[in-house]
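Structure file final_14.pdb (PDB, C-alpha atoms) follows.
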ATOM      1  CA  ALA A 787     -49.029 229.189 -11.721  1.00  0.00           C
ATOM      2  CA  ARG A 788     -48.645 225.796 -13.442  1.00  0.00           C
ATOM      3  CA  ALA A 789     -46.362 227.302 -16.087  1.00  0.00           C
ATOM      4  CA  VAL A 790     -44.118 228.854 -13.427  1.00  0.00           C
ATOM      5  CA  LEU A 791     -43.946 225.603 -11.463  1.00  0.00           C
ATOM      6  CA  ARG A 792     -43.212 223.638 -14.630  1.00  0.00           C
ATOM      7  CA  ARG A 793     -40.170 225.832 -15.356  1.00  0.00           C
ATOM      8  CA  SER A 794     -38.859 225.976 -11.802  1.00  0.00           C
ATOM      9  CA  PRO A 795     -35.658 224.051 -11.054  1.00  0.00           C
ATOM     10  CA  GLY A 796     -35.530 221.045  -8.792  1.00  0.00           C
ATOM     11  CA  ARG A 797     -38.658 219.287  -9.986  1.00  0.00           C
ATOM     12  CA  GLY A 798     -36.992 215.901  -9.755  1.00  0.00           C
ATOM     13  CA  THR A 799     -35.621 214.311 -12.887  1.00  0.00           C
ATOM     14  CA  PRO A 800     -34.509 216.646 -15.664  1.00  0.00           C
ATOM     15  CA  GLU A 801     -36.710 216.728 -18.726  1.00  0.00           C
ATOM     16  CA  PRO A 802     -35.258 214.602 -21.550  1.00  0.00           C
ATOM     17  CA  ALA A 803     -34.678 215.907 -25.053  1.00  0.00           C
ATOM     18  CA  ILE A 804     -37.658 215.615 -27.386  1.00  0.00           C
ATOM     19  CA  VAL A 805     -37.032 214.145 -30.827  1.00  0.00           C
ATOM     20  CA  VAL A 806     -39.536 214.544 -33.666  1.00  0.00           C
ATOM     21  CA  GLY A 807     -38.127 213.272 -36.942  1.00  0.00           C
ATOM     22  CA  GLY A 808     -34.786 215.050 -37.499  1.00  0.00           C
ATOM     23  CA  LEU A 809     -35.684 217.760 -34.971  1.00  0.00           C
ATOM     24  CA  ARG A 810     -34.207 217.530 -31.462  1.00  0.00           C
ATOM     25  CA  VAL A 811     -35.282 219.934 -28.716  1.00  0.00           C
ATOM     26  CA  ASP A 812     -33.223 219.751 -25.512  1.00  0.00           C
ATOM     27  CA  PRO A 813     -34.800 221.733 -22.651  1.00  0.00           C
ATOM     28  CA  ARG A 814     -31.781 221.247 -20.357  1.00  0.00           C
ATOM     29  CA  SER A 815     -29.300 222.935 -22.701  1.00  0.00           C
ATOM     30  CA  ARG A 816     -32.028 224.929 -24.518  1.00  0.00           C
ATOM     31  CA  GLN A 817     -30.523 223.764 -27.805  1.00  0.00           C
ATOM     32  CA  VAL A 818     -32.317 222.726 -30.973  1.00  0.00           C
ATOM     33  CA  THR A 819     -30.780 220.711 -33.768  1.00  0.00           C
ATOM     34  CA  LEU A 820     -32.288 219.923 -37.146  1.00  0.00           C
ATOM     35  CA  ASP A 821     -30.749 216.947 -38.936  1.00  0.00           C
ATOM     36  CA  GLY A 822     -27.677 217.315 -36.685  1.00  0.00           C
ATOM     37  CA  THR A 823     -27.176 221.050 -37.319  1.00  0.00           C
ATOM     38  CA  GLU A 824     -27.742 223.489 -34.466  1.00  0.00           C
ATOM     39  CA  VAL A 825     -30.560 225.996 -35.012  1.00  0.00           C
ATOM     40  CA  GLU A 826     -30.100 229.398 -33.345  1.00  0.00           C
ATOM     41  CA  LEU A 827     -33.356 230.453 -31.665  1.00  0.00           C
ATOM     42  CA  THR A 828     -34.376 233.331 -29.426  1.00  0.00           C
ATOM     43  CA  PRO A 829     -35.593 232.326 -25.948  1.00  0.00           C
ATOM     44  CA  ARG A 830     -39.230 232.860 -27.022  1.00  0.00           C
ATOM     45  CA  GLU A 831     -38.781 230.838 -30.227  1.00  0.00           C
ATOM     46  CA  PHE A 832     -37.250 228.027 -28.168  1.00  0.00           C
ATOM     47  CA  ASP A 833     -40.161 228.082 -25.697  1.00  0.00           C
ATOM     48  CA  LEU A 834     -42.652 228.031 -28.574  1.00  0.00           C
ATOM     49  CA  LEU A 835     -40.945 225.120 -30.324  1.00  0.00           C
ATOM     50  CA  HIS A 836     -40.486 223.233 -27.038  1.00  0.00           C
ATOM     51  CA  HIS A 837     -44.188 223.539 -26.231  1.00  0.00           C
ATOM     52  CA  LEU A 838     -45.159 222.271 -29.696  1.00  0.00           C
ATOM     53  CA  ALA A 839     -42.590 219.439 -29.546  1.00  0.00           C
ATOM     54  CA  ALA A 840     -43.973 218.355 -26.174  1.00  0.00           C
ATOM     55  CA  HIS A 841     -47.311 217.742 -27.947  1.00  0.00           C
ATOM     56  CA  PRO A 842     -46.247 216.074 -31.236  1.00  0.00           C
ATOM     57  CA  GLY A 843     -49.055 215.421 -33.689  1.00  0.00           C
ATOM     58  CA  GLN A 844     -51.551 217.402 -31.591  1.00  0.00           C
ATOM     59  CA  VAL A 845     -53.151 220.640 -32.731  1.00  0.00           C
ATOM     60  CA  VAL A 846     -52.171 223.375 -30.280  1.00  0.00           C
ATOM     61  CA  THR A 847     -54.395 226.455 -30.316  1.00  0.00           C
ATOM     62  CA  LYS A 848     -53.011 229.974 -30.471  1.00  0.00           C
ATOM     63  CA  ARG A 849     -54.782 230.707 -27.185  1.00  0.00           C
ATOM     64  CA  GLU A 850     -52.933 227.795 -25.539  1.00  0.00           C
ATOM     65  CA  LEU A 851     -49.636 229.082 -26.930  1.00  0.00           C
ATOM     66  CA  LEU A 852     -50.353 232.586 -25.637  1.00  0.00           C
ATOM     67  CA  THR A 853     -51.200 231.155 -22.200  1.00  0.00           C
ATOM     68  CA  GLU A 854     -48.337 228.662 -21.920  1.00  0.00           C
ATOM     69  CA  VAL A 855     -45.516 230.395 -23.814  1.00  0.00           C
ATOM     70  CA  TRP A 856     -46.302 234.094 -23.397  1.00  0.00           C
ATOM     71  CA  GLN A 857     -48.266 233.869 -20.110  1.00  0.00           C
ATOM     72  CA  ILE A 858     -51.051 235.996 -21.628  1.00  0.00           C
ATOM     73  CA  PRO A 859     -54.225 234.359 -20.284  1.00  0.00           C
ATOM     74  CA  TYR A 860     -56.925 236.046 -22.367  1.00  0.00           C
ATOM     75  CA  GLY A 861     -55.659 235.910 -25.933  1.00  0.00           C
ATOM     76  CA  GLY A 862     -56.082 238.818 -28.280  1.00  0.00           C
ATOM     77  CA  ALA A 863     -52.505 238.664 -29.601  1.00  0.00           C
ATOM     78  CA  ASP A 864     -52.861 235.991 -32.297  1.00  0.00           C
ATOM     79  CA  LYS A 865     -50.622 237.976 -34.642  1.00  0.00           C
ATOM     80  CA  THR A 866     -47.788 237.647 -32.097  1.00  0.00           C
ATOM     81  CA  VAL A 867     -48.037 233.858 -32.419  1.00  0.00           C
ATOM     82  CA  ASP A 868     -48.213 234.094 -36.228  1.00  0.00           C
ATOM     83  CA  VAL A 869     -45.091 236.265 -36.408  1.00  0.00           C
ATOM     84  CA  HIS A 870     -43.080 233.975 -34.124  1.00  0.00           C
ATOM     85  CA  LEU A 871     -44.245 230.899 -36.056  1.00  0.00           C
ATOM     86  CA  SER A 872     -43.125 232.610 -39.268  1.00  0.00           C
ATOM     87  CA  TRP A 873     -39.657 233.277 -37.821  1.00  0.00           C
ATOM     88  CA  LEU A 874     -39.468 229.708 -36.515  1.00  0.00           C
ATOM     89  CA  ARG A 875     -40.465 228.275 -39.895  1.00  0.00           C
ATOM     90  CA  ARG A 876     -37.761 230.324 -41.610  1.00  0.00           C
ATOM     91  CA  LYS A 877     -35.119 229.041 -39.192  1.00  0.00           C
ATOM     92  CA  LEU A 878     -36.303 225.460 -39.778  1.00  0.00           C
ATOM     93  CA  GLY A 879     -36.016 225.977 -43.544  1.00  0.00           C
ATOM     94  CA  GLU A 880     -39.717 225.789 -44.342  1.00  0.00           C
ATOM     95  CA  SER A 881     -42.672 228.030 -45.080  1.00  0.00           C
ATOM     96  CA  ALA A 882     -46.393 227.995 -44.333  1.00  0.00           C
ATOM     97  CA  GLN A 883     -46.978 227.054 -47.990  1.00  0.00           C
ATOM     98  CA  GLU A 884     -44.459 224.191 -47.846  1.00  0.00           C
ATOM     99  CA  PRO A 885     -44.398 222.980 -44.240  1.00  0.00           C
ATOM    100  CA  ARG A 886     -42.131 220.182 -43.050  1.00  0.00           C
ATOM    101  CA  TYR A 887     -42.639 220.243 -39.277  1.00  0.00           C
ATOM    102  CA  LEU A 888     -45.022 223.106 -38.461  1.00  0.00           C
ATOM    103  CA  HIS A 889     -48.463 222.569 -39.972  1.00  0.00           C
ATOM    104  CA  THR A 890     -51.128 225.255 -39.663  1.00  0.00           C
ATOM    105  CA  VAL A 891     -54.631 223.968 -38.990  1.00  0.00           C
ATOM    106  CA  ARG A 892     -56.727 226.809 -40.345  1.00  0.00           C
ATOM    107  CA  GLY A 893     -58.911 228.467 -37.740  1.00  0.00           C
ATOM    108  CA  VAL A 894     -57.626 226.194 -34.959  1.00  0.00           C
ATOM    109  CA  GLY A 895     -53.872 226.391 -34.385  1.00  0.00           C
ATOM    110  CA  VAL A 896     -50.651 224.617 -35.311  1.00  0.00           C
ATOM    111  CA  ARG A 897     -49.385 221.042 -35.170  1.00  0.00           C
ATOM    112  CA  LEU A 898     -45.766 219.881 -35.043  1.00  0.00           C
ATOM    113  CA  GLU A 899     -45.081 216.530 -36.648  1.00  0.00           C
ATOM    114  CA  ALA A 900     -42.218 214.722 -38.353  1.00  0.00           C
ATOM    115  CA  PRO A 901     -42.080 215.099 -42.134  1.00  0.00           C
ATOM    116  CA  ARG A 902     -43.550 212.243 -44.084  1.00  0.00           C
ATOM    117  CA  ALA A 903     -41.066 210.142 -46.041  1.00  0.00           C
ATOM    118  CA  ALA A 904     -40.973 210.977 -49.725  1.00  0.00           C
ATOM    119  CA  GLY A 905     -42.254 208.356 -52.121  1.00  0.00           C
TER     120      GLY A 905
END
Go ahead and express the file in the form of structure tokens.
Amino acid sequence: ARAVLRRSPGRGTPEPAIVVGGLRVDPRSRQVTLDGTEVELTPREFDLLHHLAAHPGQVVTKRELLTEVWQIPYGGADKTVDVHLSWLRRKLGESAQEPRYLHTVRGVGVRLEAPRAAG
């Protein structure tokens, strides 16, 4: 019920864009830009990235993602999350082996954070 209420219109002030490093997630226009270039995402990929961006630096469990993004309350579809994260990584120009924004925390979940400066 909370997820439905959170997405319903007319909740007062519109949610501002979330910026993490060069990544900008705008829930009002449902647009994502990376270093100023628009990234084309499916609605589910957008929802996944938006949820992670709303919790920058925090480890988000796959169960939480299934509950909040997919509305599947009891888990059991971890591979669904893995596949969508893989697609999202590809669109952000990274991989699980060389992450920039999406960092897997083995056995726990995933964390979105700005890339560290080189040097």
Residue IDs satisfying the PyMOL selection byres ((chain A and resi 834-842) around 7), as a ChimeraX atom specification | /A:804,811,830-833,843-844,855,898-899
Hits from the PyMOL selection byres ((chain A and resi 878) around 10), listed as a compact mmCIF listing (two decimals) with C-alpha atoms, in the coordinates of the input:
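Just written: out37.txt:
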# COMPACT_ATOMS: atom_id res chain seq x y z
CA LEU A 809 -35.68 217.76 -34.97
CA THR A 819 -30.78 220.71 -33.77
CA LEU A 820 -32.29 219.92 -37.15
CA VAL A 825 -30.56 226.00 -35.01
CA GLU A 826 -30.10 229.40 -33.34
CA LEU A 827 -33.36 230.45 -31.66
CA SER A 872 -43.12 232.61 -39.27
CA TRP A 873 -39.66 233.28 -37.82
CA LEU A 874 -39.47 229.71 -36.52
CA ARG A 875 -40.47 228.28 -39.90
CA ARG A 876 -37.76 230.32 -41.61
CA LYS A 877 -35.12 229.04 -39.19
CA GLY A 879 -36.02 225.98 -43.54
CA GLU A 880 -39.72 225.79 -44.34
CA SER A 881 -42.67 228.03 -45.08
CA PRO A 885 -44.40 222.98 -44.24
CA ARG A 886 -42.13 220.18 -43.05
CA TYR A 887 -42.64 220.24 -39.28
CA LEU A 888 -45.02 223.11 -38.46
Students should find that CA of Trp856 in chain A and CA of Thr828 in chain A are spaced 13.4 Å
Neighbour list for Thr823 in chain A as an MDAnalysis selection string, cut-off 10 Å, only C-alpha atoms, skip fewer than 5 positions in-chain = chainID A and resid 808:810 818
Interatomic distance, CA of Arg816 in chain A to CA of Ala863 in chain A (Å, one decimal) =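 Taking CA of Arg816 in chain A as the start and CA of Ala863 in chain A as the end point, the length is 25.2 Å.
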So which residues touch Pro802 in chain A within 8 Å, counting all atoms listed in the file, skipping near sequence neighbours fewer than 5 positions away, as a PyMOL selection string?
-> chain A and resi 812-814
Answer key for the PyMOL selection byres ((chain A and resi 896) around 8), residues as a list in words | Val845, Val846, Thr847, Lys848, Leu888, His889, Thr890, Val891, Val894, Gly895, Arg897 and Leu898 of chain A
Could you state the separation of CA of Arg902 in chain A and CA of Val806 in chain A in Å, given to one decimal place?
->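 Computing the Euclidean distance for CA of Arg902 in chain A and CA of Val806 in chain A yields 11.4 Å.
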Take every atom of range 815-818 of chain A listed in the file, pad by 4 Å on each side, and give me the axis-aligned box centre and edge lengths in Å, one decimal, as lines of an AutoDock Vina configuration file.
center_x = -30.8
center_y = 223.8
center_z = -26.8
size_x = 11.0
size_y = 10.2
size_z = 16.3
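Between Pro901 in chain A and the candidates A:Pro859, A:Asp821, A:Pro800, A:Thr866, the tightest atom-to-atom separation, counting all atoms listed in the file, involves A:Asp821.
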